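A.B. asks: Below is one structure. I have some questions about it.
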Amino acid sequence: MDQERYRPPGRRMRVLFATSELFPLAKTGGLGDVCAALPAALGTLGVEVRAILPGYISALDGARRKRTIAVLPDGGRLLLGDTPDTGLPVYLIDRPELFRRAGNPYLGPDKRDWPDNLRRFAAFSAAAATLALQGDGAGWQPDLVHANDWHTGLIMAFLALHGAPRPCGMFTIHNLAYQGNFPLQEARALGLPEALLVLEGAEFFGQLSCIKAGIRFADSITTVSPTYAGEILTPEHGAGLDGLLRARAADLTGILNGIDNISWNPAKDLDLPAPYDAEHLGGKAIDKAALRQELGLDPTAPGPLVIGVNRLTHQKMADVVADALPMLLEQGCQVALHGQGDRELEGAYVAAAAGHESCLAVRIGYQEALAHRMQAAADIALTPARFEPCGLTTMYAMRYGTLPVTRPVGGLADSVADVDTGGSWGRGPGFLFAEPTADALAAAVGRAGTMFHNQAAWRALQRRAMREDFGWARPARRYLALYRQLLSSEGRPCSQTCGRPWDDRSATLHEVEPVAA
Ligand code: ADP
Ligand code: GLC
């Protein structure tokens with residue numbers, strides 16, 4: 001009998017997926033998208049995944065079938081519900097004094113970090129680690145905890161410092177620039193273990209670094225593209241953690257994110273006035289006309305419609321985009337920008353639009369449905385970045401037949417190929433520029449604009465972009481392969497998880513189809 005295909009009776013591999021964002025319950029960027037779609041994709045591969053998320057108001061409101069599973073020692077409640085779209089089971093840590101706040105998960109109304117963020121995410125991490133180590137009290141305990149970004153880094157430390165037997169820990173870096181660094185006194189006041197507060201632990205230039213805790217203590221580390229995995233090993237992109245990352249390079253893997261092909265599908269997208277696909281692009285023209293009308297843009301302008309849907313930050317080069325706007329208008333482009341972020345950059349966008357309303361529309365804020373309509377309506381998407389761990393927006397654009405103008409850094413280098421150097425397997429066509437300057441960006445848009453007027457060539461490029469497979473099937477199988485490797489590696493403390501018999505575990509490991517590397 002084919003051993004790899006043998007599926008003995010026994011339970012499935014259990015993974016607790018810890019995150020501070022999970023669309024549609026909470027989202028400030030791509031983290032929320034990935035942490036919704038990857039667990040769902042793993043579920044289709046036979047893994048029993050449950051997510052765990054802070055009990056934000058939006059999450060408490062959005063989760064279905066919520067019930068209280070346990071009362072936490074600190075008086076909070078552990079709830080279990082399902083996501084409204086995919087039915088993914090999700091635990092919510094309901095600590096009203098920490099998480100029931102209006103607005104952004106990380107920032108107060110003044111756009112500054114909530115002053116008690118360490119307390120909030122340490123409490124969340126402690127609750128997740130307790131659930132992992134002791135089970136949820138209702139019979140469910142994970143084999144492995146998959147934690148995401150700094151908000152969950154302390155979970156890896158709590159697990160490792162607990163010692164064996166314990167579940168394995170995987171930590172995914174979505175963005176090394178957000179580190180969760182806090183004064184050591186604050187960490188001491190919260191009673192965090194001393195082993196964390198030293199250089200060999202998670203001390204980082206006189207502070208406690210939550211992302212360092214994740215990197216230092218995880219059994220396995222991943223990040224969201226192969227190119228970024230290489231970049232963060234260098235002083236230029238390592239954000240001070242490149243030394244530690246180099247020391248752990250053997251345990252670091254870069255896996256390019258997928259995109260959710262169901263919610264981002266122009267053929268079935270309910271937010272669009274007219275659906276379309278690669279064979280029938282007619283609907284895209286209707287969507288363009290509708291968006292121009294919605295945003296008050298000239299309906300007859302012959303040039304390309306260029307969009308930007310991004311967080312307005314230094315990472316996304318929003319300052320450079322603002323500087324380039326006059327050049328883009330000069331080239332005959334229509335531009336529509338949507339996003340929010342740094343106040344100064346929001347101001348620069350708004351100021352640029354004044355007096356140019358028929359060719360430049362700016363909508364500060366973020367609405368998911370508008371993001372979809374813009375991706376569908378546009379010809380060109382501006383997705384430049386100074387650095388980009390993965391860059392989902394660029395893949396969404398290509399899926400909608402909107403060609404990206406961007407830089408070949410991080411995940412963008414792994415997902416986009418320049419039209420002139422030719423696409424290759426796994427990368428869609430776009431217009432790449434090297435220097436992070438307004439002139440270089442405008443020149444790349446100029447190249448795209450010239451191509452746009454050759455309708456046959458443009459259509460061919462759109463079709464190529466739309467046919468690229470950016471789905472989650474492939475990346476999810478790579479995560480599964482890593483989980484299996486981790487759970488089967490003997491000698492690690494986590495290989496004796498939770499005192500359950502090994503037989504049970506190996507059965508679990510063989511329950512899913514083998515993956516080709
Ligand atoms: P990042 O995660 O760095 O923001 P990605 O391109 O990977 O970049 O993912 C961005 C996701 O967040 C997309 O789904 C995009 O539509 C959405 N988005 C863009 N701007 C905002 C914003 N200001 N607030 C919330 N989500 C946003
Ligand atoms: C981060 C990164 C982005 C990535 C996303 C999801 O927000 O900035 O590049 O696509 O996480 O992994």
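Letters for chains follow the order of the structure tokens (A, B, ...), residue numbers begin at 1 for each chain, and ligand numbers begin at 1 in the order shown.
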May I ask you to write as JSON, numbers by chain all residues lying at most 7 Å from ligand 1, with only C-alpha atoms and all ligand atoms counted?
C.D. replies: {"A": [27, 28, 29, 30, 31, 33, 309, 310, 311, 312, 339, 340, 341, 365, 366, 368, 371, 388, 390, 391, 392, 393, 394]}
A.B. asks: For ligand 2, return the neighbouring residues as number ranges by chain (distance at most 10 Å; only C-alpha atoms and all ligand atoms).
C.D. replies: A: 28-35, 148-149, 172-178, 223-225, 228, 255-259, 311, 315-316, 385, 387-395, 410-412
A.B. asks: Report as a list in words: the residues of region 152-203 of chain A with a DSSP assignment of strand (DSSP E), based on the backbone of this structure.
C.D. replies: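 Matching residues, listed in order: Cys168, Gly169, Met170, Phe171, Thr172, Ile173, Asn181, Phe182, Pro183 and Glu203 of chain A.
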A.B. asks: Just want the 12 Å neighbourhood of Asn454 (chain A), counted on only C-alpha atoms, with same-chain residues fewer than 6 positions away dropped. Output as a PyMOL selection string.
C.D. replies: chain A and resi 303-304+447-448+460-461
A.B. asks: For the residues in that selection, give me N, CA and C atoms as a compact mmCIF listing (two decimals), in the first residue's frame.
C.D. replies:
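What landed in selection09.txt:
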# COMPACT_ATOMS: atom_id res chain seq x y z
N GLY A 303 -7.10 58.93 -21.91
CA GLY A 303 -5.91 58.31 -21.29
C GLY A 303 -6.30 57.18 -20.34
N PRO A 304 -5.30 56.50 -19.81
CA PRO A 304 -5.57 55.39 -18.89
C PRO A 304 -6.06 55.90 -17.52
N ARG A 447 5.56 54.58 -19.81
CA ARG A 447 5.71 53.36 -20.64
C ARG A 447 4.39 52.61 -20.72
N ALA A 448 3.71 52.53 -19.57
CA ALA A 448 2.43 51.81 -19.55
C ALA A 448 1.40 52.57 -20.40
N ALA A 460 -3.82 41.71 -24.61
CA ALA A 460 -3.04 40.47 -24.45
C ALA A 460 -2.36 40.45 -23.08
N LEU A 461 -1.83 41.62 -22.68
CA LEU A 461 -1.17 41.70 -21.37
C LEU A 461 -2.17 41.49 -20.25
A.B. asks: List the spatial neighbours of region 95-106 of chain A as an NGL selection string - criterion: any atom at most 7 Å away, only C-alpha atoms, same-chain residues fewer than 2 positions off excluded.
C.D. replies: :A and (54-57 or 76-77 or 93 or 108 or 113-114 or 120)
A.B. asks: Take the residues just selected and output them with N, CA and C atoms as a PDB file, in the first residue's frame.
C.D. replies:
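That gives us again-v7.pdb:
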ATOM      1  N   PRO A  54      -8.077  38.900  19.082  1.00  0.00           N
ATOM      2  CA  PRO A  54      -8.595  39.721  20.182  1.00  0.00           C
ATOM      3  C   PRO A  54     -10.080  40.037  19.958  1.00  0.00           C
ATOM      4  N   GLY A  55     -10.795  40.186  21.052  1.00  0.00           N
ATOM      5  CA  GLY A  55     -12.235  40.459  20.951  1.00  0.00           C
ATOM      6  C   GLY A  55     -12.534  41.924  20.684  1.00  0.00           C
ATOM      7  N   TYR A  56     -12.088  42.413  19.524  1.00  0.00           N
ATOM      8  CA  TYR A  56     -12.437  43.786  19.122  1.00  0.00           C
ATOM      9  C   TYR A  56     -13.956  43.859  18.933  1.00  0.00           C
ATOM     10  N   ILE A  57     -14.477  45.081  18.953  1.00  0.00           N
ATOM     11  CA  ILE A  57     -15.922  45.253  18.753  1.00  0.00           C
ATOM     12  C   ILE A  57     -16.335  44.656  17.396  1.00  0.00           C
ATOM     13  N   GLY A  76     -11.747  37.830  31.972  1.00  0.00           N
ATOM     14  CA  GLY A  76     -12.257  37.895  30.596  1.00  0.00           C
ATOM     15  C   GLY A  76     -12.944  36.587  30.210  1.00  0.00           C
ATOM     16  N   ARG A  77     -13.412  36.552  28.973  1.00  0.00           N
ATOM     17  CA  ARG A  77     -14.073  35.319  28.511  1.00  0.00           C
ATOM     18  C   ARG A  77     -13.392  34.805  27.248  1.00  0.00           C
ATOM     19  N   ILE A  93     -10.750  36.539  22.361  1.00  0.00           N
ATOM     20  CA  ILE A  93     -10.406  36.834  23.756  1.00  0.00           C
ATOM     21  C   ILE A  93     -11.169  38.093  24.128  1.00  0.00           C
ATOM     22  N   GLY A 108      -5.207  54.893  18.572  1.00  0.00           N
ATOM     23  CA  GLY A 108      -6.333  55.653  19.102  1.00  0.00           C
ATOM     24  C   GLY A 108      -6.820  56.665  18.071  1.00  0.00           C
ATOM     25  N   ASP A 113      -0.263  55.176  18.740  1.00  0.00           N
ATOM     26  CA  ASP A 113      -0.471  53.829  19.305  1.00  0.00           C
ATOM     27  C   ASP A 113      -1.261  53.932  20.609  1.00  0.00           C
ATOM     28  N   TRP A 114      -2.169  52.984  20.829  1.00  0.00           N
ATOM     29  CA  TRP A 114      -2.811  52.919  22.138  1.00  0.00           C
ATOM     30  C   TRP A 114      -1.702  52.796  23.169  1.00  0.00           C
ATOM     31  N   ARG A 120      -2.084  44.922  26.117  1.00  0.00           N
ATOM     32  CA  ARG A 120      -3.139  44.321  25.304  1.00  0.00           C
ATOM     33  C   ARG A 120      -2.637  43.047  24.609  1.00  0.00           C
TER      34      ARG A 120
END
A.B. asks: Compile a residue-level contact table for region 357-459 of chain A against region 289-299 of chain A at a cut-off of 12 Å, reporting for every qualifying residue the shortest atom pair and its distance in Å to one decimal, with only C-alpha atoms counted, rows ordered by chain and ascending number, as JSON lines.
C.D. replies:
{"residue": "A:Glu357", "atom": "CA", "partner": "A:Leu297", "partner_atom": "CA", "distance": 6.8}
{"residue": "A:Ser358", "atom": "CA", "partner": "A:Leu297", "partner_atom": "CA", "distance": 4.4}
{"residue": "A:Cys359", "atom": "CA", "partner": "A:Leu297", "partner_atom": "CA", "distance": 5.5}
{"residue": "A:Leu360", "atom": "CA", "partner": "A:Leu297", "partner_atom": "CA", "distance": 7.2}
{"residue": "A:Ala361", "atom": "CA", "partner": "A:Leu295", "partner_atom": "CA", "distance": 6.2}
{"residue": "A:Val362", "atom": "CA", "partner": "A:Leu295", "partner_atom": "CA", "distance": 8.5}
{"residue": "A:Arg363", "atom": "CA", "partner": "A:Leu295", "partner_atom": "CA", "distance": 8.7}
{"residue": "A:Ala369", "atom": "CA", "partner": "A:Leu291", "partner_atom": "CA", "distance": 11.8}
{"residue": "A:Leu370", "atom": "CA", "partner": "A:Leu291", "partner_atom": "CA", "distance": 9.1}
{"residue": "A:Ala371", "atom": "CA", "partner": "A:Leu291", "partner_atom": "CA", "distance": 11.0}
{"residue": "A:His372", "atom": "CA", "partner": "A:Leu291", "partner_atom": "CA", "distance": 10.8}
{"residue": "A:Arg373", "atom": "CA", "partner": "A:Leu291", "partner_atom": "CA", "distance": 7.1}
{"residue": "A:Met374", "atom": "CA", "partner": "A:Leu291", "partner_atom": "CA", "distance": 7.0}
{"residue": "A:Gln375", "atom": "CA", "partner": "A:Leu291", "partner_atom": "CA", "distance": 10.2}
{"residue": "A:Ala376", "atom": "CA", "partner": "A:Leu291", "partner_atom": "CA", "distance": 9.1}
{"residue": "A:Ala377", "atom": "CA", "partner": "A:Leu291", "partner_atom": "CA", "distance": 6.4}
{"residue": "A:Ala378", "atom": "CA", "partner": "A:Leu291", "partner_atom": "CA", "distance": 8.8}
{"residue": "A:Asp379", "atom": "CA", "partner": "A:Ala289", "partner_atom": "CA", "distance": 12.0}
A.B. asks: Considering only C-alpha atoms, state which residue in the set A:Tyr91, A:Tyr396, A:Phe217, A:Phe124 is at the smallest distance from Asp469 (chain A).
C.D. replies: A:Tyr396
A.B. asks: Rounded to one decimal, what separation in Å do you get between CA of Ala351 (chain A) and CA of Ile286 (chain A)?
C.D. replies: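 Pair CA of Ala351 (chain A) / CA of Ile286 (chain A) returns 29.5 Å.
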A.B. asks: Applying 9 Å and only C-alpha atoms, which residues near Leu184 (chain A) remain after dropping the ones on its own chain fewer than 4 positions away? List them as a VMD selection string.
C.D. replies: chain A and resid 188 to 189 197 203 206 to 208
A.B. asks: Using DSSP on the backbone coordinates, identify the residues of region 45-111 of chain A assigned to helix (DSSP H, G or I); present them as a PyMOL selection string.
C.D. replies: chain A and resi 57-62+96-99
A.B. asks: Output the selection as a CSV table (one decimal), in the first residue's frame - N, CA, C and O atoms for each residue.
C.D. replies:
chain,number,residue,atom,x,y,z
A,57,ILE,N,-14.5,45.1,19.0
A,57,ILE,CA,-15.9,45.3,18.8
A,57,ILE,C,-16.3,44.7,17.4
A,57,ILE,O,-17.3,43.9,17.3
A,58,SER,N,-15.5,45.0,16.4
A,58,SER,CA,-15.9,44.5,15.0
A,58,SER,C,-15.9,42.9,15.0
A,58,SER,O,-16.7,42.3,14.3
A,59,ALA,N,-15.0,42.3,15.7
A,59,ALA,CA,-14.9,40.9,15.7
A,59,ALA,C,-16.1,40.3,16.5
A,59,ALA,O,-16.7,39.3,16.1
A,60,LEU,N,-16.4,40.9,17.6
A,60,LEU,CA,-17.6,40.4,18.4
A,60,LEU,C,-18.9,40.5,17.6
A,60,LEU,O,-19.7,39.7,17.7
A,61,ASP,N,-19.0,41.7,16.9
A,61,ASP,CA,-20.2,41.9,16.1
A,61,ASP,C,-20.2,41.0,14.9
A,61,ASP,O,-21.3,40.5,14.5
A,62,GLY,N,-19.1,40.7,14.3
A,62,GLY,CA,-19.1,40.0,13.0
A,62,GLY,C,-19.1,38.4,13.2
A,62,GLY,O,-19.6,37.7,12.3
A,96,PRO,N,-13.0,43.3,27.7
A,96,PRO,CA,-13.6,44.6,27.3
A,96,PRO,C,-12.7,45.7,27.5
A,96,PRO,O,-12.6,46.6,26.7
A,97,GLU,N,-11.9,45.7,28.7
A,97,GLU,CA,-11.1,46.9,29.0
A,97,GLU,C,-9.9,47.0,28.1
A,97,GLU,O,-9.3,48.1,27.9
A,98,LEU,N,-9.6,45.9,27.4
A,98,LEU,CA,-8.4,46.0,26.5
A,98,LEU,C,-8.8,46.1,25.0
A,98,LEU,O,-8.1,46.7,24.2
A,99,PHE,N,-9.9,45.4,24.6
A,99,PHE,CA,-10.2,45.3,23.2
A,99,PHE,C,-11.4,46.0,22.7
A,99,PHE,O,-11.6,46.2,21.5
A.B. asks: Rank nothing, just name the residue among A:Gln485, A:Gly201, A:His146, A:Pro475 nearest to Leu45 (chain A), using only C-alpha atoms.
C.D. replies: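 Residue with the minimum atom-to-atom distance to Leu45 (chain A): A:Pro475.
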A.B. asks: Ranking A:Ala456, A:Ala352, A:Ile215, A:Arg484 by minimum distance to Val15 (chain A) and counting only C-alpha atoms, which one comes first?
C.D. replies: A:Arg484
A.B. asks: Which of these residues is nearest to Pro183 (chain A), using only C-alpha atoms: A:Pro39, A:Pro384, A:Gly254, A:Pro115?
C.D. replies: A:Pro115
A.B. asks: Skipping near chain neighbours, those fewer than 3 positions away, what residues fall within 12 Å of Gly243 (chain A) using only C-alpha atoms, listed as a list in words?
C.D. replies: Phe204, Lys212, Ile215, Arg216, Ile232, Leu233, Thr234, Pro235, Glu236, His237, Gly238, Ala239, Gly240, Arg246, Ala247, Arg248 and Ala249 of chain A
A.B. asks: Rank nothing, just name the residue among A:Gln134, A:Gln367, A:Gln462, A:Thr222 nearest to Arg399 (chain A), using only C-alpha atoms.
C.D. replies: A:Gln462
A.B. asks: May I ask which of the residues A:Ala397, A:Leu480, A:Val320, A:Ala26 is the closest one to Ala440 (chain A), counting only C-alpha atoms?
C.D. replies: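 Closest residue, counting only C-alpha atoms: A:Val320.
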